[in-house]
Structure formats: structure tokens, C-alpha cells
>>> print(open('entry25.cif').read())   # mmCIF, C-alpha atoms
data_final
#
loop_
_atom_site.group_PDB
_atom_site.id
_atom_site.type_symbol
_atom_site.label_atom_id
_atom_site.label_comp_id
_atom_site.auth_asym_id
_atom_site.auth_seq_id
_atom_site.Cartn_x
_atom_site.Cartn_y
_atom_site.Cartn_z
ATOM 1 C CA MET D 1 236.583 -52.622 -2.691
ATOM 2 C CA ALA D 2 234.402 -52.420 0.310
ATOM 3 C CA GLY D 3 235.403 -51.517 3.784
ATOM 4 C CA LYS D 4 234.134 -52.327 7.239
ATOM 5 C CA THR D 5 230.420 -52.947 7.702
ATOM 6 C CA THR D 6 228.045 -52.495 10.593
ATOM 7 C CA THR D 7 224.948 -54.674 10.900
ATOM 8 C CA GLY D 8 225.178 -55.839 7.318
ATOM 9 C CA LYS D 9 225.732 -52.442 5.680
ATOM 10 C CA LYS D 10 228.246 -52.489 2.847
ATOM 11 C CA THR D 11 230.874 -49.796 2.621
ATOM 12 C CA THR D 12 233.009 -48.709 -0.282
ATOM 13 C CA ALA D 13 236.744 -48.089 -0.092
ATOM 14 C CA LYS D 14 239.296 -46.617 -2.477
ATOM 15 C CA ALA D 15 240.149 -48.716 -5.545
ATOM 16 C CA ALA D 16 237.015 -50.871 -5.424
ATOM 17 C CA ALA D 17 236.669 -51.369 -9.153
ATOM 18 C CA GLY D 18 239.846 -53.384 -9.535
ATOM 19 C CA LYS D 19 239.591 -55.428 -6.354
ATOM 20 C CA ALA D 20 236.130 -57.060 -6.302
ATOM 21 C CA ALA D 21 234.528 -59.671 -8.478
ATOM 22 C CA ALA D 22 233.187 -58.196 -11.692
ATOM 23 C CA ASP D 23 229.587 -59.369 -11.444
ATOM 24 C CA LYS D 24 228.805 -59.840 -7.771
ATOM 25 C CA ASP D 25 229.686 -58.775 -4.268
ATOM 26 C CA VAL D 26 232.301 -60.846 -2.484
ATOM 27 C CA GLN D 27 232.208 -61.546 1.251
ATOM 28 C CA VAL D 28 235.899 -61.179 2.087
ATOM 29 C CA ALA D 29 235.822 -61.423 5.871
ATOM 30 C CA ALA D 30 233.371 -61.182 8.725
ATOM 31 C CA GLY D 31 231.631 -57.853 8.233
ATOM 32 C CA VAL D 32 233.521 -56.946 5.046
ATOM 33 C CA THR D 33 232.045 -57.066 1.552
ATOM 34 C CA ALA D 34 233.761 -56.060 -1.692
ATOM 35 C CA THR D 35 231.643 -54.722 -4.529
ATOM 36 C CA ASN D 36 231.915 -53.012 -7.903
ATOM 37 C CA ASN D 37 228.508 -51.394 -7.349
ATOM 38 C CA VAL D 38 229.686 -48.007 -6.058
ATOM 39 C CA PRO D 39 228.092 -44.542 -6.144
ATOM 40 C CA GLU D 40 229.553 -41.842 -8.410
ATOM 41 C CA GLY D 41 232.572 -40.234 -6.753
ATOM 42 C CA ALA D 42 232.725 -42.864 -4.027
ATOM 43 C CA LEU D 43 236.354 -43.666 -4.704
ATOM 44 C CA GLU D 44 237.565 -40.139 -4.046
ATOM 45 C CA THR D 45 239.799 -39.584 -1.007
ATOM 46 C CA ASN D 46 238.746 -36.924 1.517
ATOM 47 C CA ALA D 47 241.113 -34.102 2.537
ATOM 48 C CA ASP D 48 241.992 -35.958 5.766
ATOM 49 C CA GLY D 49 242.953 -39.099 3.797
ATOM 50 C CA SER D 50 239.803 -41.017 4.704
ATOM 51 C CA THR D 51 237.406 -42.590 2.211
ATOM 52 C CA ASN D 52 233.623 -42.367 2.444
ATOM 53 C CA THR D 53 231.748 -45.578 3.223
ATOM 54 C CA TYR D 54 228.330 -46.519 1.888
ATOM 55 C CA ASP D 55 225.546 -48.983 2.614
ATOM 56 C CA ALA D 56 224.063 -51.405 0.081
ATOM 57 C CA ASP D 57 221.708 -48.705 -1.197
ATOM 58 C CA GLY D 58 224.532 -46.238 -1.890
ATOM 59 C CA ASN D 59 223.870 -44.023 1.148
ATOM 60 C CA LYS D 60 226.923 -42.607 2.917
ATOM 61 C CA VAL D 61 227.241 -44.200 6.374
ATOM 62 C CA GLY D 62 230.685 -43.054 7.494
ATOM 63 C CA THR D 63 234.352 -43.019 6.568
ATOM 64 C CA ALA D 64 237.276 -45.440 6.586
ATOM 65 C CA THR D 65 240.860 -44.594 7.436
ATOM 66 C CA PRO D 66 243.643 -45.444 4.980
ATOM 67 C CA GLU D 67 244.597 -48.312 7.319
ATOM 68 C CA GLN D 68 241.054 -49.700 7.223
ATOM 69 C CA VAL D 69 241.021 -49.391 3.442
ATOM 70 C CA ALA D 70 244.342 -51.240 3.184
ATOM 71 C CA ALA D 71 243.085 -53.977 5.516
ATOM 72 C CA ALA D 72 239.905 -54.389 3.458
ATOM 73 C CA GLU D 73 241.906 -54.532 0.216
ATOM 74 C CA ALA D 74 244.197 -57.185 1.715
ATOM 75 C CA ALA D 75 241.183 -59.194 2.900
ATOM 76 C CA ALA D 76 239.600 -58.992 -0.563
ATOM 77 C CA ALA D 77 242.817 -60.125 -2.247
ATOM 78 C CA LYS D 78 243.141 -63.029 0.196
ATOM 79 C CA ALA D 79 239.510 -64.070 -0.323
ATOM 80 C CA GLN D 80 239.916 -63.911 -4.105
ATOM 81 C CA LYS D 81 243.033 -66.092 -3.944
ATOM 82 C CA GLU D 82 241.263 -68.589 -1.671
ATOM 83 C CA LYS D 83 238.315 -68.677 -4.061
ATOM 84 C CA GLU D 84 240.629 -69.289 -7.024
ATOM 85 C CA ASN D 85 242.450 -72.064 -5.130
ATOM 86 C CA ALA D 86 239.329 -73.808 -3.823
ATOM 87 C CA GLY D 87 239.531 -77.506 -4.615
ATOM 88 C CA LYS D 88 243.174 -77.254 -5.629
ATOM 89 C CA VAL D 89 246.196 -79.041 -4.236
ATOM 90 C CA LYS D 90 249.690 -77.782 -3.542
ATOM 91 C CA VAL D 91 252.489 -79.919 -4.952
ATOM 92 C CA LYS D 92 256.264 -79.642 -4.725
ATOM 93 C CA ALA D 93 258.466 -80.633 -7.659
ATOM 94 C CA ALA D 94 260.644 -83.591 -6.688
ATOM 95 C CA MET D 95 262.948 -83.009 -9.659
ATOM 96 C CA ARG D 96 263.453 -80.632 -12.557
ATOM 97 C CA TYR D 97 260.967 -81.414 -15.327
ATOM 98 C CA LEU D 98 259.283 -79.959 -18.385
ATOM 99 C CA ASP D 99 255.638 -79.271 -17.568
ATOM 100 C CA LYS D 100 253.832 -79.574 -20.881
ATOM 101 C CA GLN D 101 250.657 -77.938 -19.554
ATOM 102 C CA LEU D 102 252.555 -74.883 -18.328
ATOM 103 C CA ASN D 103 254.956 -75.071 -21.270
ATOM 104 C CA GLU D 104 257.896 -74.376 -18.976
ATOM 105 C CA ILE D 105 260.616 -76.089 -17.017
ATOM 106 C CA VAL D 106 259.754 -76.515 -13.344
ATOM 107 C CA GLU D 107 262.764 -76.587 -11.041
ATOM 108 C CA ALA D 108 263.072 -79.129 -8.209
ATOM 109 C CA GLY D 109 261.591 -77.705 -5.003
ATOM 110 C CA THR D 110 259.137 -75.400 -6.792
ATOM 111 C CA GLU D 111 255.656 -75.417 -5.252
ATOM 112 C CA LEU D 112 252.645 -75.245 -7.549
ATOM 113 C CA THR D 113 248.921 -75.060 -6.831
ATOM 114 C CA VAL D 114 247.083 -77.340 -9.242
ATOM 115 C CA SER D 115 243.809 -79.229 -9.598
ATOM 116 C CA LYS D 116 243.474 -82.560 -7.789
ATOM 117 C CA GLU D 117 243.545 -84.329 -11.143
ATOM 118 C CA ARG D 118 246.765 -82.575 -12.197
ATOM 119 C CA ALA D 119 248.351 -83.305 -8.807
ATOM 120 C CA ASP D 120 247.537 -86.984 -9.271
ATOM 121 C CA GLU D 121 249.171 -86.915 -12.749
ATOM 122 C CA LEU D 122 252.343 -85.279 -11.432
ATOM 123 C CA VAL D 123 252.598 -87.707 -8.504
ATOM 124 C CA LYS D 124 251.982 -90.685 -10.814
ATOM 125 C CA ALA D 125 254.759 -89.414 -13.120
ATOM 126 C CA GLU D 126 256.985 -89.188 -10.007
ATOM 127 C CA VAL D 127 257.941 -85.574 -10.684
ATOM 128 C CA ALA D 128 256.097 -84.026 -7.730
ATOM 129 C CA GLN D 129 254.773 -84.771 -4.275
ATOM 130 C CA ILE D 130 251.651 -83.437 -2.600
ATOM 131 C CA VAL D 131 252.451 -80.888 0.109
ATOM 132 C CA LYS D 132 250.494 -81.366 3.314
#
>>> encode(input="entry25.cif", output="C-alpha cells")
Amino acid sequence: MAGKTTTGKKTTAKAAAGKAAADKDVQVAAGVTATNNVPEGALETNADGSTNTYDADGNKVGTATPEQVAAAEAAAAKAQKEKENAGKVKVKAAMRYLDKQLNEIVEAGTELTVSKERADELVKAEVAQIVK
């Protein structure tokens, strides 16, 4: 997980390995980049609770407070969810039905995020409506 950046420099925050994309850096917000490319020991917390921050070359450039780390982690999680949902549509079940793709019963009122094609199928079957 990367923290705040200054003039394009990447920084690393606690728990980076589990939060960023496996193969490449992820721009999670303006000035924030998440990465799995972290220097040895970079994920250790300092005695004051801060975490060291690093540039793209692995050079220490500062520290991030626990609040900054949490904000960066939240931004990375949000960006990952947005990336996963890109091109998808939110639908709301109009009635209780058995969703054969999910292999489960979907209760009336349940909102699902699905592909455009799947949304069209559910609307055509009259079991869901697209949420705007």
C-alpha cells in the first residue's frame, strides 16, 4: 500500500502487500499510488507509530502517520472496487428468484452489481430492474 506522494514520488505504507494489485502499481487517488514493490523492512512501524515512506526507487523520503496510512488503504480499496466494477451495472431484484449463475436465491430488494449483458438478461426475465 502506498501513502501520500509529493511531485510524483511513491511512498509505501503498512500492509502494502495485501492491498495493491499483484503485478503493477495502482493510482488510487490524486498523488497516491499503491504498489507491491517495497524495500525490505518497509512495512515496519516506527516507535512513534508512523510508517516510513519511499520514492519509486526505494529511497526513504519521509513518514506517514497511522491516519495517513489508513486513508491511503481506504483509497486503494475504493479504487480496486471501482476497477472491478468498471463497465458493470447495478440491478435491484424485483422479486425473489433463483439465480442460476450465482447458484443462490436472490431476495426481492437485493442489489447486485453485474455485467451489462447479465443486467439485460435479468431485466428481460422481469426479475430485476436497473438502478440509476
>>> atom_distance(input="entry25.cif", atom1="atom CA of Ala93 of chain D", atom2="atom CA of Lys116 of chain D")
15.1 Å
>>> resolve_selection(input="entry25.cif", expression="the PyMOL selection byres ((chain D and resi 85-92) around 8)", output="PyMOL selection string")
chain D and resi 81-84+93-94+108-116+119+128-132
>>> write_last_selection(input="entry25.cif", atoms="C-alpha atoms", output="compact mmCIF listing (two decimals), in the frame of the given file")
# COMPACT_ATOMS: atom_id res chain seq x y z
CA LYS D 81 243.03 -66.09 -3.94
CA GLU D 82 241.26 -68.59 -1.67
CA LYS D 83 238.32 -68.68 -4.06
CA GLU D 84 240.63 -69.29 -7.02
CA ALA D 93 258.47 -80.63 -7.66
CA ALA D 94 260.64 -83.59 -6.69
CA ALA D 108 263.07 -79.13 -8.21
CA GLY D 109 261.59 -77.70 -5.00
CA THR D 110 259.14 -75.40 -6.79
CA GLU D 111 255.66 -75.42 -5.25
CA LEU D 112 252.64 -75.24 -7.55
CA THR D 113 248.92 -75.06 -6.83
CA VAL D 114 247.08 -77.34 -9.24
CA SER D 115 243.81 -79.23 -9.60
CA LYS D 116 243.47 -82.56 -7.79
CA ALA D 119 248.35 -83.30 -8.81
CA ALA D 128 256.10 -84.03 -7.73
CA GLN D 129 254.77 -84.77 -4.28
CA ILE D 130 251.65 -83.44 -2.60
CA VAL D 131 252.45 -80.89 0.11
CA LYS D 132 250.49 -81.37 3.31
>>> resolve_selection(input="entry25.cif", expression="the PyMOL selection byres ((chain D and resi 66) around 8)", output="list in words")
Gly49, Ser50, Thr51, Ala64, Thr65, Glu67, Gln68, Val69 and Ala70 of chain D
>>> atom_distance(input="entry25.cif", atom1="atom CA of Glu117 of chain D", atom2="atom CA of Ala75 of chain D")
28.9 Å
>>> atom_distance(input="entry25.cif", atom1="atom CA of Ala79 of chain D", atom2="atom CA of Lys100 of chain D")
29.5 Å
>>> residues_around(input="entry25.cif", residues="Gly62 of chain D", least_positions_apart="3", cutoff="8 Å", atoms="all atoms listed in the file", output="list in words")
Asn52, Thr53 and Tyr54 of chain D
>>> axis_aligned_box(input="entry25.cif", around="segment 110-115 of chain D", padding_each_side="8 Å", output="AutoDock Vina command-line options")
--center_x 251.5 --center_y -77.1 --center_z -7.4 --size_x 31.3 --size_y 20.2 --size_z 20.3
